[in-house]
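Contents: one structure, followed by commentary.
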Amino acid sequence: MDIYGENGYIDINKIKKSPFIFLIGARRTGKTYGVSKYLLENKRKFMYIRRTTGELDFSMSERNFAFRNMEAEGFFLEPKKDGKYNYTIQTVGDEPEIIGSATSLTLVSKMRGFDASGITDIMFDEFIPEKHVSRIPHEGDAVLNMYETINGNRELEGKEPVRLWMLANSNNLNSEILGAFSLRHKIEQMQQKGQEYSEYRNMTIVLSMNSPISSRKRNTALYQAINENQFTEMALNNTFSYDDFSNIKSKYNMNEYRPRCRIGKYVVLNHKSDGTVLIIENSKMPVQKCYDFTDYSIKAFRISNSDLMSCYVWGYLSFDSYETKAAIMTVLPYIN
């Protein structure tokens with residue numbers, strides 16, 4: 001499926017408007033611009049979200065206002081601070097019209113009792129942080145709680161669910177938010193197949209890897225200077241180049257392994273002869289010892305399986321997917 005317009009940017013009108021839309025693309029390929037234009041042209045009442053208060057204030061400042069470039073489309077907007085926790089986004093003029101609001105993920109949890117009934121869309125910009133940016137504890141759960149708070153019971157009343165737009169560059173596949181939606185393995189598969197578009201469950205996933213804009217940007221000063229490296233792969237090719245895809249073993253013979261234990265939905269398997277260990281996702285395989293992801297159980301798992309750290313370091317530990325590896329690495333942080 002061709003997801004690009006004649007100008008080379010992602011064409012939002014070509015994708016299915018599922019309740020959850022993930023747009024992960026190389027830099028400057030039209031994600032934010034395209035979604036903003038769609039929301040404004042279709043008069044959708046939206047809430048604009050950034051991860052932290054600092055990011056929010058920056059994007060709402062006069063010089064860096066996130067919707068400033070919409071003036072080219074005939075929409076003249078400005079932000080106004082509205083109390084402690086959010087901004088309103090309104091038209092410029094003597095009788096301004098409020099067309100949206102803006103807040104941060106870290107502030108939504110502090111907002112109680114606000115009326116979200118008029119909100120039709122949530123636009124979460126830059127939901128995957130750059131590698132040097134601090135993580136928010138339990139970030140995936142925070143997004144799910146945010147959506148539940150805003151969506152409320154409208155579906156039980158026969159109304160359409162709030163549409164959640166998730167926009168990001170391919171900085172880090174090991175994103176708690178992608179994990180919360182069980183999308184890390186799906187996106188890993190799309191990347192391996194060179195697949196840019198998928199309608200998956202009630203989600204639309206766009207993984208822009210062949211953007212005409214990115215091809216043209218290769219000839220600009222920065223990319224000529226740095227040549228091919230991890231930054232180029234992320235910024236132009238939309239690959240998760242900063243993630244470690246080593247120790248992934250997608251093909252294996254189950255007859256060669258015996259189960260050791262399970263943690264959550266992941267099973268630790270010992271090879272019957274060569275001393276290697278494989279961890280796979282399999283919630284139905286019978287095992288004698290089970291752990292979950294509570295603090296106490298994780299500590300017990302670490303003590304009983306302390307050899308996994310040295311197995312990983314020496315290359316004797318493999319995973320059936322990056323999704324599995326990302327989950328297990330949170331259990332064994334000492335090797336992360």
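All residue names refer to the structure tokens as shown: chains lettered A, B, ... in order, residues numbered from 1 in each chain, ligands numbered from 1 in order.
Neighbouring residues of Gly315 (chain A) at 12 Å or closer, counting only C-alpha atoms and skipping chain neighbours under 2 positions away, are Ser246, Asn247, Ile248, Lys249, Gly275, Thr276, Val277, Leu278, Leu308, Met309, Ser310, Cys311, Tyr312, Val313, Leu317, Ser318 and Phe319 of chain A.
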Only N, CA, C and O atoms, please: the residues just picked out, written as an mmCIF file, in the first residue's frame.
```cif
data_model
loop_
_atom_site.group_PDB
_atom_site.id
_atom_site.type_symbol
_atom_site.label_atom_id
_atom_site.label_comp_id
_atom_site.auth_asym_id
_atom_site.auth_seq_id
_atom_site.Cartn_x
_atom_site.Cartn_y
_atom_site.Cartn_z
ATOM 1 N N SER A 246 20.668 -8.500 18.866
ATOM 2 C CA SER A 246 21.455 -9.727 18.980
ATOM 3 C C SER A 246 20.740 -10.721 19.883
ATOM 4 O O SER A 246 19.829 -10.369 20.626
ATOM 5 N N ASN A 247 21.142 -11.965 19.812
ATOM 6 C CA ASN A 247 20.597 -13.054 20.633
ATOM 7 C C ASN A 247 19.133 -13.365 20.313
ATOM 8 O O ASN A 247 18.448 -13.975 21.135
ATOM 9 N N ILE A 248 18.651 -12.959 19.132
ATOM 10 C CA ILE A 248 17.294 -13.306 18.729
ATOM 11 C C ILE A 248 17.345 -14.577 17.892
ATOM 12 O O ILE A 248 18.075 -14.651 16.901
ATOM 13 N N LYS A 249 16.593 -15.589 18.281
ATOM 14 C CA LYS A 249 16.602 -16.893 17.617
ATOM 15 C C LYS A 249 15.157 -17.261 17.296
ATOM 16 O O LYS A 249 14.464 -17.896 18.093
ATOM 17 N N GLY A 275 23.987 -26.796 26.683
ATOM 18 C CA GLY A 275 24.094 -25.857 27.792
ATOM 19 C C GLY A 275 23.540 -24.470 27.527
ATOM 20 O O GLY A 275 23.627 -23.597 28.396
ATOM 21 N N THR A 276 22.962 -24.228 26.354
ATOM 22 C CA THR A 276 22.391 -22.909 26.064
ATOM 23 C C THR A 276 20.985 -22.799 26.646
ATOM 24 O O THR A 276 20.354 -23.795 27.004
ATOM 25 N N VAL A 277 20.500 -21.563 26.713
ATOM 26 C CA VAL A 277 19.178 -21.284 27.257
ATOM 27 C C VAL A 277 18.393 -20.465 26.242
ATOM 28 O O VAL A 277 18.934 -19.553 25.600
ATOM 29 N N LEU A 278 17.118 -20.786 26.077
ATOM 30 C CA LEU A 278 16.233 -20.063 25.175
ATOM 31 C C LEU A 278 15.008 -19.610 25.967
ATOM 32 O O LEU A 278 14.447 -20.385 26.743
ATOM 33 N N LEU A 308 21.353 -16.871 34.453
ATOM 34 C CA LEU A 308 20.947 -16.241 33.199
ATOM 35 C C LEU A 308 21.794 -15.019 32.876
ATOM 36 O O LEU A 308 22.013 -14.686 31.708
ATOM 37 N N MET A 309 22.270 -14.322 33.902
ATOM 38 C CA MET A 309 23.095 -13.144 33.663
ATOM 39 C C MET A 309 24.394 -13.512 32.956
ATOM 40 O O MET A 309 24.776 -12.904 31.964
ATOM 41 N N SER A 310 25.067 -14.545 33.460
ATOM 42 C CA SER A 310 26.326 -14.967 32.823
ATOM 43 C C SER A 310 26.049 -15.610 31.467
ATOM 44 O O SER A 310 26.847 -15.456 30.530
ATOM 45 N N CYS A 311 24.925 -16.314 31.324
ATOM 46 C CA CYS A 311 24.572 -16.896 30.026
ATOM 47 C C CYS A 311 24.413 -15.806 28.971
ATOM 48 O O CYS A 311 24.860 -15.953 27.827
ATOM 49 N N TYR A 312 23.782 -14.696 29.366
ATOM 50 C CA TYR A 312 23.586 -13.600 28.427
ATOM 51 C C TYR A 312 24.931 -12.977 28.035
ATOM 52 O O TYR A 312 25.202 -12.741 26.846
ATOM 53 N N VAL A 313 25.756 -12.717 29.019
ATOM 54 C CA VAL A 313 27.048 -12.072 28.768
ATOM 55 C C VAL A 313 27.910 -12.903 27.825
ATOM 56 O O VAL A 313 28.587 -12.374 26.931
ATOM 57 N N LEU A 317 22.489 -17.235 25.951
ATOM 58 C CA LEU A 317 21.075 -16.981 26.181
ATOM 59 C C LEU A 317 20.475 -16.342 24.934
ATOM 60 O O LEU A 317 20.985 -15.347 24.423
ATOM 61 N N SER A 318 19.375 -16.928 24.437
ATOM 62 C CA SER A 318 18.697 -16.420 23.247
ATOM 63 C C SER A 318 17.219 -16.181 23.547
ATOM 64 O O SER A 318 16.681 -16.691 24.536
ATOM 65 N N PHE A 319 16.572 -15.423 22.648
ATOM 66 C CA PHE A 319 15.160 -15.080 22.797
ATOM 67 C C PHE A 319 14.459 -15.311 21.461
ATOM 68 O O PHE A 319 15.071 -15.166 20.400
#
```
If DSSP is run on the backbone, what residues of region 35-246 of chain A are strand (DSSP E or B)? A reply as number ranges by chain would be ideal.
A: 46-50, 77-82, 86-91, 98-104, 121-124, 163-168, 197-200, 203-208
Point-to-point distance in Å for CA of Ser101 (chain A) and CA of Glu71 (chain A)
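Between these atoms lies a distance of 17.9 Å.
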Which neighbours of Leu183 (chain A) fall inside 12 Å, counting only C-alpha atoms, when residues of the same chain fewer than 4 positions from it are skipped, and could you give them as a list in words?
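In the requested form, the answer reads Phe20, Ile21, Phe22, Ile24, Gly140, Leu173, Asn174, Ser175, Glu176, Ile177, Leu178, Gly179, Ile187, Glu188, Gln189, Met190, Ser198, Tyr200, Arg201, Met203, Thr204, Ile205, Leu207, Ser321, Tyr322, Glu323, Thr324 and Ala326 of chain A.
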